[in-house]
>>> print(open('work09.tsv').read())   # TSV, C-alpha atoms and all ligand atoms
chain	number	residue	atom	x	y	z
A	1	MET	CA	163.82	120.08	165.47
A	2	LYS	CA	162.87	120.18	169.15
A	3	ILE	CA	162.34	116.87	170.92
A	4	THR	CA	159.05	118.17	172.31
A	5	ASP	CA	157.75	118.61	168.73
A	6	ALA	CA	158.87	115.08	167.85
A	7	LEU	CA	157.09	113.65	170.90
A	8	LEU	CA	153.94	115.66	170.10
A	9	GLY	CA	153.94	114.10	166.63
A	10	GLU	CA	154.16	110.65	168.20
A	11	HIS	CA	151.23	111.49	170.51
A	12	GLY	CA	149.18	112.43	167.44
A	13	VAL	CA	149.69	109.00	165.89
A	14	PHE	CA	148.83	107.28	169.18
A	15	TYR	CA	145.59	109.33	169.48
A	16	ALA	CA	144.49	107.95	166.10
A	17	GLN	CA	145.23	104.41	167.32
A	18	PHE	CA	143.43	105.02	170.65
A	19	ASP	CA	140.30	106.26	168.81
A	20	HIS	CA	140.40	103.25	166.48
A	21	LEU	CA	140.79	100.82	169.40
A	22	ASP	CA	137.93	102.47	171.36
A	23	GLN	CA	135.69	101.56	168.42
A	24	LEU	CA	137.17	98.12	167.74
A	25	VAL	CA	137.68	96.60	171.20
A	26	PRO	CA	134.00	96.33	172.30
A	27	ALA	CA	133.23	94.15	169.23
A	28	VAL	CA	136.19	91.78	169.68
A	29	GLU	CA	135.06	88.20	170.33
A	30	ARG	CA	138.27	86.41	171.30
A	31	VAL	CA	140.60	87.15	174.19
A	32	ALA	CA	143.56	86.27	171.93
A	33	ASP	CA	142.66	89.21	169.67
A	34	ILE	CA	142.72	91.63	172.62
A	35	ARG	CA	146.16	90.27	173.54
A	36	THR	CA	147.44	90.78	169.99
A	37	GLN	CA	146.16	94.37	169.81
A	38	ALA	CA	147.51	95.16	173.27
A	39	ALA	CA	150.94	93.73	172.42
A	40	LEU	CA	151.08	95.80	169.23
A	41	LEU	CA	150.13	99.04	170.99
A	42	GLY	CA	152.35	98.13	173.94
A	43	ALA	CA	155.47	97.73	171.80
A	44	ALA	CA	155.01	101.23	170.43
A	45	LEU	CA	154.11	102.77	173.82
A	46	ALA	CA	157.19	101.20	175.43
A	47	THR	CA	159.62	102.79	172.94
A	48	HIS	CA	157.85	106.15	173.30
A	49	ALA	CA	158.11	106.04	177.10
A	50	ASN	CA	161.76	104.87	177.00
A	51	ILE	CA	162.77	107.70	174.69
A	52	GLU	CA	160.97	110.24	176.91
A	53	GLU	CA	162.62	108.91	180.04
A	54	GLU	CA	166.13	108.51	178.65
A	55	LEU	CA	166.29	111.81	176.78
A	56	LEU	CA	163.77	114.34	178.12
A	57	PHE	CA	163.13	113.29	181.73
A	58	LYS	CA	166.85	112.72	182.42
A	59	SER	CA	167.66	116.23	181.18
A	60	LEU	CA	164.97	117.68	183.45
A	61	ASP	CA	166.15	115.79	186.55
A	62	PRO	CA	168.66	118.47	187.66
A	63	HIS	CA	165.81	121.05	187.81
A	64	PRO	CA	163.98	120.82	191.16
A	65	GLU	CA	160.90	122.58	189.71
A	66	ALA	CA	160.33	119.57	187.47
A	67	ALA	CA	160.53	116.94	190.23
A	68	GLY	CA	156.76	116.79	190.96
A	69	PRO	CA	155.55	116.42	187.36
A	70	LEU	CA	158.40	113.98	186.57
A	71	ASN	CA	157.34	111.76	189.48
A	72	VAL	CA	153.77	111.68	188.20
A	73	MET	CA	154.87	110.97	184.59
A	74	ARG	CA	157.24	108.16	185.61
A	75	ARG	CA	154.57	106.60	187.85
A	76	GLU	CA	152.07	106.69	184.99
A	77	HIS	CA	154.60	105.02	182.66
A	78	GLN	CA	154.86	102.24	185.27
A	79	VAL	CA	151.06	101.91	185.50
A	80	VAL	CA	150.81	101.58	181.70
A	81	GLU	CA	153.66	99.05	181.62
A	82	GLY	CA	152.13	97.08	184.51
A	83	THR	CA	148.71	96.91	182.84
A	84	LEU	CA	150.28	95.83	179.53
A	85	GLY	CA	152.00	93.03	181.43
A	86	GLN	CA	148.73	92.05	183.09
A	87	ILE	CA	146.60	91.80	179.92
A	88	PRO	CA	148.19	88.54	178.64
A	89	THR	CA	147.43	86.87	181.99
A	90	VAL	CA	143.69	87.58	181.88
A	91	ALA	CA	141.60	84.71	180.51
A	92	GLU	CA	138.15	86.29	180.66
A	93	LEU	CA	137.14	88.31	177.56
A	94	ASP	CA	135.18	91.15	179.19
A	95	GLN	CA	137.80	91.66	181.87
A	96	SER	CA	140.53	91.74	179.26
A	97	LYS	CA	138.60	94.34	177.21
A	98	GLU	CA	137.99	96.46	180.29
A	99	LEU	CA	141.70	96.42	181.22
A	100	PHE	CA	142.72	97.37	177.69
A	101	LEU	CA	140.18	100.21	177.40
A	102	ASP	CA	141.19	101.51	180.86
A	103	LEU	CA	144.83	101.44	179.76
A	104	ILE	CA	144.00	103.47	176.65
A	105	GLU	CA	142.23	106.08	178.79
A	106	VAL	CA	145.16	106.28	181.25
A	107	ALA	CA	147.58	106.73	178.33
A	108	ARG	CA	145.38	109.39	176.72
A	109	GLN	CA	145.21	111.41	179.95
A	110	HIS	CA	148.93	110.92	180.53
A	111	PHE	CA	149.73	112.33	177.08
A	112	ALA	CA	147.44	115.32	177.72
A	113	LYS	CA	149.32	116.08	180.97
A	114	GLU	CA	152.66	115.94	179.19
A	115	GLU	CA	151.34	118.31	176.54
A	116	ARG	CA	149.74	120.78	178.95
A	117	ILE	CA	152.41	120.76	181.68
A	118	LEU	CA	155.65	118.85	181.11
A	119	PHE	CA	156.54	119.90	177.57
A	120	HIS	CA	155.97	123.60	178.39
A	121	MET	CA	158.10	123.20	181.50
A	122	ALA	CA	160.83	121.55	179.39
A	123	SER	CA	160.69	124.44	176.97
A	124	SER	CA	161.25	127.06	179.66
A	125	LEU	CA	163.80	125.09	181.73
A	126	LEU	CA	165.94	123.60	178.94
A	127	GLY	CA	165.69	126.20	176.16
A	128	GLU	CA	165.66	125.88	172.36
A	129	ALA	CA	169.26	124.71	171.87
A	130	LYS	CA	169.04	121.82	174.35
A	131	LEU	CA	165.64	120.74	173.00
A	132	GLY	CA	167.16	120.77	169.50
A	133	GLU	CA	170.11	118.63	170.63
A	134	LEU	CA	167.68	116.17	172.24
A	135	GLY	CA	165.64	116.26	169.01
A	136	SER	CA	168.73	115.07	167.09
A	137	ASN	CA	169.14	112.22	169.57
A	138	TRP	CA	165.46	111.38	169.12
A	139	ALA	CA	165.96	111.19	165.30
A	140	LYS	CA	168.90	108.79	165.77
A	141	ARG	CA	166.87	106.60	168.11
A	142	ARG	CA	163.89	106.55	165.73
A	143	LYS	CA	166.14	106.15	162.66
A	144	VAL	CA	164.55	109.06	160.81
A	145	THR	CA	166.34	111.61	158.66
A	146	VAL	CA	165.72	115.23	159.66
B	1	FE	FE	155.01	109.72	178.76
B	2	FE	FE	154.47	111.05	175.77
>>> encode(input="work09.tsv", output="structure tokens")
Amino acid sequence: MKITDALLGEHGVFYAQFDHLDQLVPAVERVADIRTQAALLGAALATHANIEEELLFKSLDPHPEAAGPLNVMRREHQVVEGTLGQIPTVAELDQSKELFLDLIEVARQHFAKEERILFHMASSLLGEAKLGELGSNWAKRRKVTV
């Protein structure tokens, strides 16, 4: 299995969570509940971003054509990580909701860019065999049997 297919499957699960949180967050009444939800989503987003960076982005680094998109993707990972770190420090409920909903929107747009640009680029620059090898590494990291 290609790593790009594995990552697309992960995006699909995140989209379901993003849609659920878009509905849920506006009705939340305690800042502690926003922090709990953000920590839960953040733990999953962090492993997704780490796997992308350590397996896919690293393999694309030797290809100069990928440098621009990789810079954007890495910067967006940092923005998401930074916002996730900021949420627990915010005491005001509305501000905390706004930060969390903004983060979800940034992540959604980031995923769409990976799908439209980066994963296609990876396909043409790395080829089927390399994507398959990276897919096996992904399965080991995620502890799934393929
Ligand atoms: Fe990403
Ligand atoms: Fe991704």
>>> closest_residue(input="work09.tsv", among="A:Lys97, A:His110, A:Lys140, A:Arg116", to="Ala38 in chain A", atoms="only C-alpha atoms")
A:Lys97
>>> residues_near_ligand(input="work09.tsv", ligand="ligand FE 1 (chain B)", cutoff="8 Å", atoms="all atoms listed in the file", output="list in words")
His48, Ala49, Glu52, Glu53, Met73, Arg74, Glu76, His77, His110, Phe111 and Glu114 of chain A
>>> closest_atom_pairs(input="work09.tsv", of="chain A", to="ligand FE 2 (chain B)", cutoff="12 Å", atoms="all atoms listed in the file", output="tab-separated table")
residue	atom	partner	partner_atom	distance
A:Ile3	CA	B:FE2	FE	10.9
A:Thr4	CA	B:FE2	FE	9.1
A:Asp5	CA	B:FE2	FE	10.8
A:Ala6	CA	B:FE2	FE	9.9
A:Leu7	CA	B:FE2	FE	6.1
A:Leu8	CA	B:FE2	FE	7.3
A:Gly9	CA	B:FE2	FE	9.7
A:Glu10	CA	B:FE2	FE	7.6
A:His11	CA	B:FE2	FE	6.2
A:Gly12	CA	B:FE2	FE	10.0
A:Val13	CA	B:FE2	FE	11.2
A:Phe14	CA	B:FE2	FE	9.5
A:Tyr15	CA	B:FE2	FE	11.0
A:Ala44	CA	B:FE2	FE	11.2
A:Leu45	CA	B:FE2	FE	8.5
A:Ala46	CA	B:FE2	FE	10.2
A:Thr47	CA	B:FE2	FE	10.1
A:His48	CA	B:FE2	FE	6.4
A:Ala49	CA	B:FE2	FE	6.3
A:Asn50	CA	B:FE2	FE	9.6
A:Ile51	CA	B:FE2	FE	9.0
A:Glu52	CA	B:FE2	FE	6.6
A:Glu53	CA	B:FE2	FE	9.4
A:Leu55	CA	B:FE2	FE	11.9
A:Leu56	CA	B:FE2	FE	10.1
A:Phe57	CA	B:FE2	FE	10.7
A:Leu70	CA	B:FE2	FE	11.9
A:Met73	CA	B:FE2	FE	8.8
A:Arg74	CA	B:FE2	FE	10.6
A:Glu76	CA	B:FE2	FE	10.5
A:His77	CA	B:FE2	FE	9.2
A:Val80	CA	B:FE2	FE	11.8
A:Val106	CA	B:FE2	FE	11.8
A:Ala107	CA	B:FE2	FE	8.5
A:Arg108	CA	B:FE2	FE	9.3
A:Gln109	CA	B:FE2	FE	10.2
A:His110	CA	B:FE2	FE	7.3
A:Phe111	CA	B:FE2	FE	5.1
A:Ala112	CA	B:FE2	FE	8.5
A:Lys113	CA	B:FE2	FE	8.9
A:Glu114	CA	B:FE2	FE	6.2
A:Glu115	CA	B:FE2	FE	7.9
A:Arg116	CA	B:FE2	FE	11.3
A:Ile117	CA	B:FE2	FE	11.6
A:Leu118	CA	B:FE2	FE	9.5
A:Phe119	CA	B:FE2	FE	9.3
>>> closest_residue(input="work09.tsv", among="A:Leu101, A:Val72, A:Ala129, A:Ala139", to="Leu84 in chain A", atoms="only C-alpha atoms")
A:Leu101
>>> atom_distance(input="work09.tsv", atom1="CA of Gly135 in chain A", atom2="CA of Ala66 in chain A")
19.5 Å
>>> atom_distance(input="work09.tsv", atom1="CA of Gln37 in chain A", atom2="CA of Val79 in chain A")
18.1 Å
>>> closest_residue(input="work09.tsv", among="A:Met121, A:Ala16, A:Val28, A:Leu134", to="Pro64 in chain A", atoms="all atoms listed in the file")
A:Met121
>>> atom_distance(input="work09.tsv", atom1="CA of Val144 in chain A", atom2="CA of Asp19 in chain A")
25.7 Å
>>> closest_residue(input="work09.tsv", among="A:Gly68, A:Gly132, A:Gly82, A:Pro88", to="Ala39 in chain A", atoms="all atoms listed in the file")
A:Pro88
>>> closest_residue(input="work09.tsv", among="A:Asp33, A:Lys143, A:Gly42, A:Ser59", to="Leu131 in chain A", atoms="only C-alpha atoms")
A:Ser59
>>> decode(input="work09.tsv", residues="range 48-72 of chain A", atoms="N, CA and C atoms", output="CSV table (one decimal), in the first residue's frame")
chain,number,residue,atom,x,y,z
A,48,HIS,N,0.2,12.3,13.2
A,48,HIS,CA,0.0,12.4,11.7
A,48,HIS,C,1.1,13.3,11.1
A,49,ALA,N,1.3,14.4,11.7
A,49,ALA,CA,2.3,15.4,11.1
A,49,ALA,C,3.7,14.8,11.2
A,50,ASN,N,4.0,14.1,12.4
A,50,ASN,CA,5.3,13.5,12.5
A,50,ASN,C,5.6,12.4,11.5
A,51,ILE,N,4.6,11.6,11.3
A,51,ILE,CA,4.8,10.5,10.3
A,51,ILE,C,5.0,11.1,8.9
A,52,GLU,N,4.2,12.2,8.5
A,52,GLU,CA,4.4,12.8,7.2
A,52,GLU,C,5.8,13.4,7.1
A,53,GLU,N,6.2,14.1,8.1
A,53,GLU,CA,7.6,14.7,8.1
A,53,GLU,C,8.7,13.7,8.0
A,54,GLU,N,8.6,12.7,8.9
A,54,GLU,CA,9.7,11.7,9.0
A,54,GLU,C,9.8,10.8,7.8
A,55,LEU,N,8.7,10.4,7.2
A,55,LEU,CA,8.7,9.5,6.1
A,55,LEU,C,8.6,10.2,4.8
A,56,LEU,N,7.4,10.9,4.5
A,56,LEU,CA,7.2,11.4,3.2
A,56,LEU,C,8.0,12.7,2.9
A,57,PHE,N,8.0,13.7,3.8
A,57,PHE,CA,8.7,14.9,3.5
A,57,PHE,C,10.2,14.7,3.3
A,58,LYS,N,10.8,13.9,4.2
A,58,LYS,CA,12.2,13.6,4.2
A,58,LYS,C,12.6,12.9,2.8
A,59,SER,N,11.7,12.1,2.3
A,59,SER,CA,12.0,11.4,1.0
A,59,SER,C,11.9,12.4,-0.1
A,60,LEU,N,11.1,13.4,0.1
A,60,LEU,CA,11.0,14.4,-1.0
A,60,LEU,C,12.1,15.5,-1.0
A,61,ASP,N,12.8,15.6,0.2
A,61,ASP,CA,13.8,16.7,0.3
A,61,ASP,C,14.8,16.7,-0.8
A,62,PRO,N,15.3,15.6,-1.3
A,62,PRO,CA,16.3,15.7,-2.3
A,62,PRO,C,15.8,16.2,-3.6
A,63,HIS,N,14.5,16.4,-3.8
A,63,HIS,CA,13.9,16.8,-5.1
A,63,HIS,C,13.7,18.4,-5.0
A,64,PRO,N,14.4,19.2,-5.7
A,64,PRO,CA,14.3,20.6,-5.6
A,64,PRO,C,12.9,21.1,-6.0
A,65,GLU,N,12.2,20.4,-6.9
A,65,GLU,CA,10.8,20.8,-7.3
A,65,GLU,C,9.9,20.8,-6.1
A,66,ALA,N,10.2,20.0,-5.1
A,66,ALA,CA,9.3,19.9,-4.0
A,66,ALA,C,9.5,20.9,-2.9
A,67,ALA,N,10.6,21.6,-3.0
A,67,ALA,CA,11.1,22.5,-1.9
A,67,ALA,C,10.0,23.5,-1.5
A,68,GLY,N,9.3,24.2,-2.5
A,68,GLY,CA,8.3,25.2,-2.2
A,68,GLY,C,7.2,24.6,-1.4
A,69,PRO,N,6.5,23.6,-1.9
A,69,PRO,CA,5.4,23.0,-1.2
A,69,PRO,C,5.8,22.5,0.2
A,70,LEU,N,7.0,21.9,0.3
A,70,LEU,CA,7.4,21.3,1.5
A,70,LEU,C,7.6,22.4,2.6
A,71,ASN,N,8.1,23.6,2.2
A,71,ASN,CA,8.2,24.7,3.1
A,71,ASN,C,6.9,25.1,3.6
A,72,VAL,N,5.9,25.2,2.7
A,72,VAL,CA,4.6,25.6,3.1
A,72,VAL,C,4.0,24.6,4.1
